[in-house]
Amino acid sequence: MSSPVTIAEIARNAGVGTATVDRVLNGRSGVNVETERKVLDAIHALGAPSIVRGRPRSKGNFKFAYVLPEGNSPFLDDLERHIAQTAGDFRHQQITELTYRFSAEDPAHFALELSRVTDCDAIVLVAPDVPAIKLAINDHVRAGVHVATLFTDVAGSMRQAFIGADNRAAGRTAGLLLGRMACQQQGTQLLLASQTTRMSGEIERRIGFSQVVEERFPDLSVVRLADIPSDDEGACKALADYLASGIDLSRLSGLYCVGLASAGLAQALAQAGLRQSVPLIAHDLTAAHQSMLIDGSLAYVLHQDVHYCVLTAARVLRGLCENVRGVQSVAQPRVEILTAENLH
């Protein structure tokens with residue numbers, strides 16, 4: 001007697017993931033007609049019995065993959081730790097989580113690694129907004145895997161939910177805060193520091209910042225310091241070189257750090273004697289940012305409720321797996337303005 005056919009064998013034969021085969025075998029929604037036909041054809045070709053051995057799972061027991069970029073990002077490192085610490089909440093929701101970190105320096109390679117994430121029911125994704133990523137997302141969704149983006153979106157893809165604060169509103173908030181402080185000084189110039197990025201969240205922040213300064217503070221100008229290195233040492237040198245290039249330092253009235261290396265930027269301001277006169281705003285409450293708020297290196301940190309976002313993404317995807325109507329309608333977290341006085 002031949003051995004029973006496994007779900008993995010059917011998945012390989014059909015060219016889909018094991019989660020998709022599981023959906024077809026259990027008659028659950030989320031698989032398009034073409035993919036379902038491939039699975040059924042593979043079952044017929046392999047002569048599978050009506051009960052097929054494979055990954056054991058009961059109804060409502062799901063496997064979710066959290067896919068994050070690698071790199072020099074304290075926020076993403078904190079996010080990975082937060083996901084691990086939330087494992088108890090996931091188990092309560094009958095969810096098993098797996099976390100993957102892929103290099104995002106080459107978006108095409110990140111997309112390839114993303115496409116290789118299999119044997120899961122849903123994916124929570126932090127990724128660059130590039131065509132290759134969109135195609136990888138679309139392939140997963142067509143194969144019956146639900147996808148939600150977290151903190152930064154991949155617009156135009158087939159992802160089913162975005163969980164995170166409004167990044168353009170966050171940029172506008174930074175512009176409003178620095179613009180109001182500049183009105184109390186003699187400076188007329190705001191600096192906008194950013195890395196070369198494909199993350200739509202950071203791009204949206206830049207747009208929002210420039211918009212609100214143009215709309216509400218016509219006497220101020222924005223000077224963008226593009227391609228700032230993502231490491232603190234490199235960022236410090238880049239800003240120090242700019243400040244030493246002969247510009248009128250008295251015109252500077254604020255610095256907005258869109259992404260990484262806020263500590264390096266703060267160091268360059270301090271070295272130039274601008275720590276008090278050029279307030280710095282950054283994103284995400286990391287341990288370093290908490291210390292910088294307390295010692296005055298940062299004026300404000302713009303933050304969002306990470307715990308809420310991680311759990312909401314899981315809840316939305318679990319609802320999609322169970323075909324719960326209206327589960328995608330969620331309240332997005334607010335942009336929180338943190339100072340040295342309201343840390344908690």
# chains A, B, ... in the order shown; residues from 1 in each chain; ligands from 1

$ residues_around --residues "Val31 in chain A" --least-positions-apart "4" --cutoff "9 Å" --atoms "only C-alpha atoms" --output "list in words"
Thr20, Arg23, Val24, Thr35, Glu36, Val141, Arg142, Ala143, Gly144 and Val145 of chain A

$ write_last_selection --atoms "N, CA, C and O atoms" --output "short mmCIF file (atom, residue, chain, number, x, y, z; two decimals), in the first residue's frame"
data_model
loop_
_atom_site.label_atom_id
_atom_site.label_comp_id
_atom_site.auth_asym_id
_atom_site.auth_seq_id
_atom_site.Cartn_x
_atom_site.Cartn_y
_atom_site.Cartn_z
N THR A 20 -2.75 27.26 1.33
CA THR A 20 -3.77 27.29 0.27
C THR A 20 -4.39 25.91 0.09
O THR A 20 -5.61 25.77 -0.06
N ARG A 23 -6.82 25.31 2.80
CA ARG A 23 -8.08 26.01 2.59
C ARG A 23 -9.00 25.23 1.65
O ARG A 23 -10.20 25.11 1.89
N VAL A 24 -8.43 24.74 0.56
CA VAL A 24 -9.24 24.00 -0.41
C VAL A 24 -9.79 22.72 0.21
O VAL A 24 -10.96 22.39 0.05
N THR A 35 -6.63 29.08 -8.77
CA THR A 35 -5.76 28.42 -7.81
C THR A 35 -6.42 27.17 -7.26
O THR A 35 -5.77 26.12 -7.08
N GLU A 36 -7.70 27.26 -6.96
CA GLU A 36 -8.42 26.10 -6.46
C GLU A 36 -8.38 24.95 -7.46
O GLU A 36 -8.22 23.78 -7.10
N VAL A 141 -1.68 37.06 -2.15
CA VAL A 141 -3.13 37.23 -2.00
C VAL A 141 -3.88 36.31 -2.96
O VAL A 141 -4.88 35.68 -2.59
N ARG A 142 -3.39 36.22 -4.19
CA ARG A 142 -4.05 35.33 -5.16
C ARG A 142 -3.97 33.87 -4.72
O ARG A 142 -4.85 33.07 -5.06
N ALA A 143 -2.93 33.54 -3.97
CA ALA A 143 -2.78 32.17 -3.48
C ALA A 143 -3.57 31.93 -2.20
O ALA A 143 -3.51 30.83 -1.64
N GLY A 144 -4.31 32.93 -1.74
CA GLY A 144 -5.16 32.76 -0.57
C GLY A 144 -4.54 33.18 0.74
O GLY A 144 -5.12 32.94 1.80
N VAL A 145 -3.37 33.83 0.70
CA VAL A 145 -2.73 34.33 1.91
C VAL A 145 -3.13 35.79 2.10
O VAL A 145 -2.93 36.62 1.21
#

$ residues_around --residues "range 124-136 of chain A" --least-positions-apart "2" --cutoff "8 Å" --atoms "only C-alpha atoms" --output "MDAnalysis selection string"
chainID A and resid 64:69 104 107:108 110:112 114:115 122 138:140 147:158 197:200 313:314

$ select_by_dssp --residues "range 116-299 of chain A" --states "helix (DSSP H, G or I)" --output "JSON, numbers by chain"
{"A": [131, 132, 133, 134, 135, 136, 137, 138, 139, 140, 141, 142, 167, 168, 169, 170, 171, 172, 173, 174, 175, 176, 177, 178, 179, 180, 181, 182, 200, 201, 202, 203, 204, 205, 206, 207, 208, 209, 210, 211, 212, 213, 214, 215, 216, 232, 233, 234, 235, 236, 237, 238, 239, 240, 241, 242, 243, 249, 250, 251, 262, 263, 264, 265, 266, 267, 268, 269, 270, 271, 287, 288, 289, 290, 291, 292, 293, 294, 295]}

$ residues_around --residues "range 177-191 of chain A" --least-positions-apart "5" --cutoff "7 Å" --atoms "only C-alpha atoms" --output "PyMOL selection string"
chain A and resi 213+217+219-225+250-256
